[in-house]
Amino acid sequence: MAASSASAAADGSPELAGGASGNSGYHLPDDPVVDFWRQPGIAGGECAALRDQGCAHFKEGRFADACECFDAAVRVKPECGPFLWQRGIARYYAGDFSGAAAQFATGRAVNADDTEELIWELLSLYGLLRAESPEAAAVASDETASRLEVARTLLRDVEEPRPALRVVQRLFDGRMAAAALRQLLLSGASGDLLPCEDAGSEALEDLSSQDLFYLWFYLALFDGEVEGRPEEAAEGLRRALGAQMAGEDFMRHVARIHAQTRQ
């Protein structure tokens, strides 16, 4: 996932700040999403302005207004659609899990190795399962379960280079237990985060505040949205939001919004 635009850089292009591939240590070289928003004709244009307005609405909890801005951005410039991951986030918190899953799946077409986009697609599909009525469950849940398995397989195949997100990847693709991650994060001790046979090992050491934010936030999402453990999720959110991070980060606003909407 790429960053949201926060301010103008010295060269007039949007200053990127925010998601796990933003400018605060998680940005990967040659990120197609970041590259798209820096293109001449895109940076500083109407599409980017509508994206920024949508992000501002989201931060204030106005999900419908955010979705309207993101949809307008796509109408202005349809090619921006797959790169507008914030649209999927806004749809998720608006309760449109089908639309959110569709947005993240579209993003895969241009950035197949985006760990976070796949995780949010999984979260959206779990949201669909939670929202399905008993009458629809017999058919719809089978289809959704099949889509979940496809997304898990795609997630497992991503070669994620960032250690903290590599741990999160394995949490969501089923190769790691939430309890093991929680215990090690609480203890602060180095150890094997990935006890499953095919997962290799990952040491819990030399973690930055940003690493801790992402580990706790995604653990909270897994606890609350996937496994239905609200108390553990609330504790994870508290610890994620307590991690001190430099600069603007859109995902920190997502964590704050999540805590507010899940009270």
# chains A, B, ... in the order shown; residues from 1 in each chain; ligands from 1
$ select_by_dssp --residues "segment 15-164 of chain A" --states "alpha helix (DSSP H)" --output "PyMOL selection string"
chain A and resi 32-37+46-59+63-76+85-93+97-108+115-131+134-157+163-164
$ residues_around --residues "Arg239 of chain A" --least-positions-apart "3" --cutoff "8 Å" --atoms "only C-alpha atoms" --output "ChimeraX atom specification"
/A:213,216,235-236,242-243
$ atom_distance --atom1 "atom CA of Thr115 of chain A" --atom2 "atom CA of Arg75 of chain A"
27.0 Å
$ residues_around --residues "Leu221 of chain A" --least-positions-apart "2" --cutoff "9 Å" --atoms "only C-alpha atoms" --output "list in words"
Leu123, Trp216, Phe217, Tyr218, Leu219, Asp223, Gly224, Glu225, Val226, Glu227, Ala233, Gly236, Leu237 and His258 of chain A
$ closest_residue --among "A:Tyr126, A:Phe83, A:Phe63, A:Phe58" --to "Asp35 of chain A" --atoms "only C-alpha atoms"
A:Phe83
$ closest_residue --among "A:Ala64, A:Asp113, A:Val34, A:Lys77" --to "Ile89 of chain A" --atoms "only C-alpha atoms"
A:Ala64
$ residues_around --residues "Ala151 of chain A" --least-positions-apart "5" --cutoff "9 Å" --atoms "only C-alpha atoms" --output "MDAnalysis selection string"
chainID A and resid 105 118:119 121:122 146 156 173
$ residues_around --residues "Gln103 of chain A" --least-positions-apart "6" --cutoff "9 Å" --atoms "only C-alpha atoms" --output "list of chain:residue names"
A:Gly81, A:Pro82, A:Leu84, A:Trp85, A:Arg87, A:Gly88, A:Ile89, A:Arg91, A:Glu121
$ closest_residue --among "A:Arg170, A:Glu159, A:Ala179, A:Gly61" --to "Ala220 of chain A" --atoms "only C-alpha atoms"
A:Ala179
$ residues_around --residues "Asp114 of chain A" --least-positions-apart "3" --cutoff "10 Å" --atoms "only C-alpha atoms" --output "list in words"
Met1, Ala2, Ala20, Ser21, Asp31, Pro32, Val33, Phe104, Gly107, Arg108, Val110, Asn111, Glu117, Leu118, Ile119, Leu155, Val158, Glu159 and Glu160 of chain A
$ write_last_selection --atoms "N, CA and C atoms" --output "tab-separated table (two decimals), in the first residue's frame"
chain	number	residue	atom	x	y	z
A	1	MET	N	0.85	-1.18	0.00
A	1	MET	CA	0.00	0.00	0.00
A	1	MET	C	0.88	1.24	0.00
A	2	ALA	N	0.43	2.25	-0.63
A	2	ALA	CA	1.23	3.46	-0.74
A	2	ALA	C	0.70	4.53	0.18
A	20	ALA	N	2.19	1.64	4.83
A	20	ALA	CA	3.40	0.88	5.12
A	20	ALA	C	4.43	1.04	4.03
A	21	SER	N	4.07	1.58	2.90
A	21	SER	CA	5.09	1.88	1.90
A	21	SER	C	5.20	3.39	1.71
A	31	ASP	N	8.02	1.00	-5.95
A	31	ASP	CA	6.64	0.73	-5.58
A	31	ASP	C	5.73	1.30	-6.67
A	32	PRO	N	4.95	0.47	-7.37
A	32	PRO	CA	4.15	0.99	-8.50
A	32	PRO	C	3.08	1.96	-8.06
A	33	VAL	N	2.60	1.85	-6.83
A	33	VAL	CA	1.56	2.77	-6.36
A	33	VAL	C	2.15	4.16	-6.13
A	104	PHE	N	-9.52	-3.86	-3.34
A	104	PHE	CA	-8.21	-4.46	-3.05
A	104	PHE	C	-7.84	-5.50	-4.08
A	107	GLY	N	-6.47	-3.68	-6.94
A	107	GLY	CA	-5.10	-3.25	-6.66
A	107	GLY	C	-4.08	-4.33	-6.92
A	108	ARG	N	-4.48	-5.58	-6.71
A	108	ARG	CA	-3.55	-6.70	-6.96
A	108	ARG	C	-3.10	-6.75	-8.41
A	110	VAL	N	-2.16	-4.42	-10.29
A	110	VAL	CA	-1.01	-3.55	-10.57
A	110	VAL	C	0.10	-3.72	-9.54
A	111	ASN	N	-0.18	-4.41	-8.44
A	111	ASN	CA	0.81	-4.56	-7.38
A	111	ASN	C	0.57	-5.88	-6.66
A	117	GLU	N	-2.30	-4.95	0.98
A	117	GLU	CA	-3.51	-4.96	0.15
A	117	GLU	C	-4.18	-6.33	0.22
A	118	LEU	N	-3.39	-7.38	0.19
A	118	LEU	CA	-3.95	-8.73	0.30
A	118	LEU	C	-4.56	-8.96	1.68
A	119	ILE	N	-3.92	-8.44	2.72
A	119	ILE	CA	-4.48	-8.59	4.07
A	119	ILE	C	-5.82	-7.88	4.17
A	155	LEU	N	-1.31	-14.47	-0.71
A	155	LEU	CA	-0.54	-13.82	0.36
A	155	LEU	C	0.68	-14.64	0.74
A	158	VAL	N	3.73	-14.11	-1.53
A	158	VAL	CA	4.42	-12.82	-1.59
A	158	VAL	C	5.78	-12.94	-0.91
A	159	GLU	N	6.80	-12.40	-1.55
A	159	GLU	CA	8.14	-12.36	-0.95
A	159	GLU	C	8.30	-11.01	-0.25
A	160	GLU	N	7.81	-10.92	0.97
A	160	GLU	CA	7.81	-9.68	1.73
A	160	GLU	C	9.18	-9.46	2.37
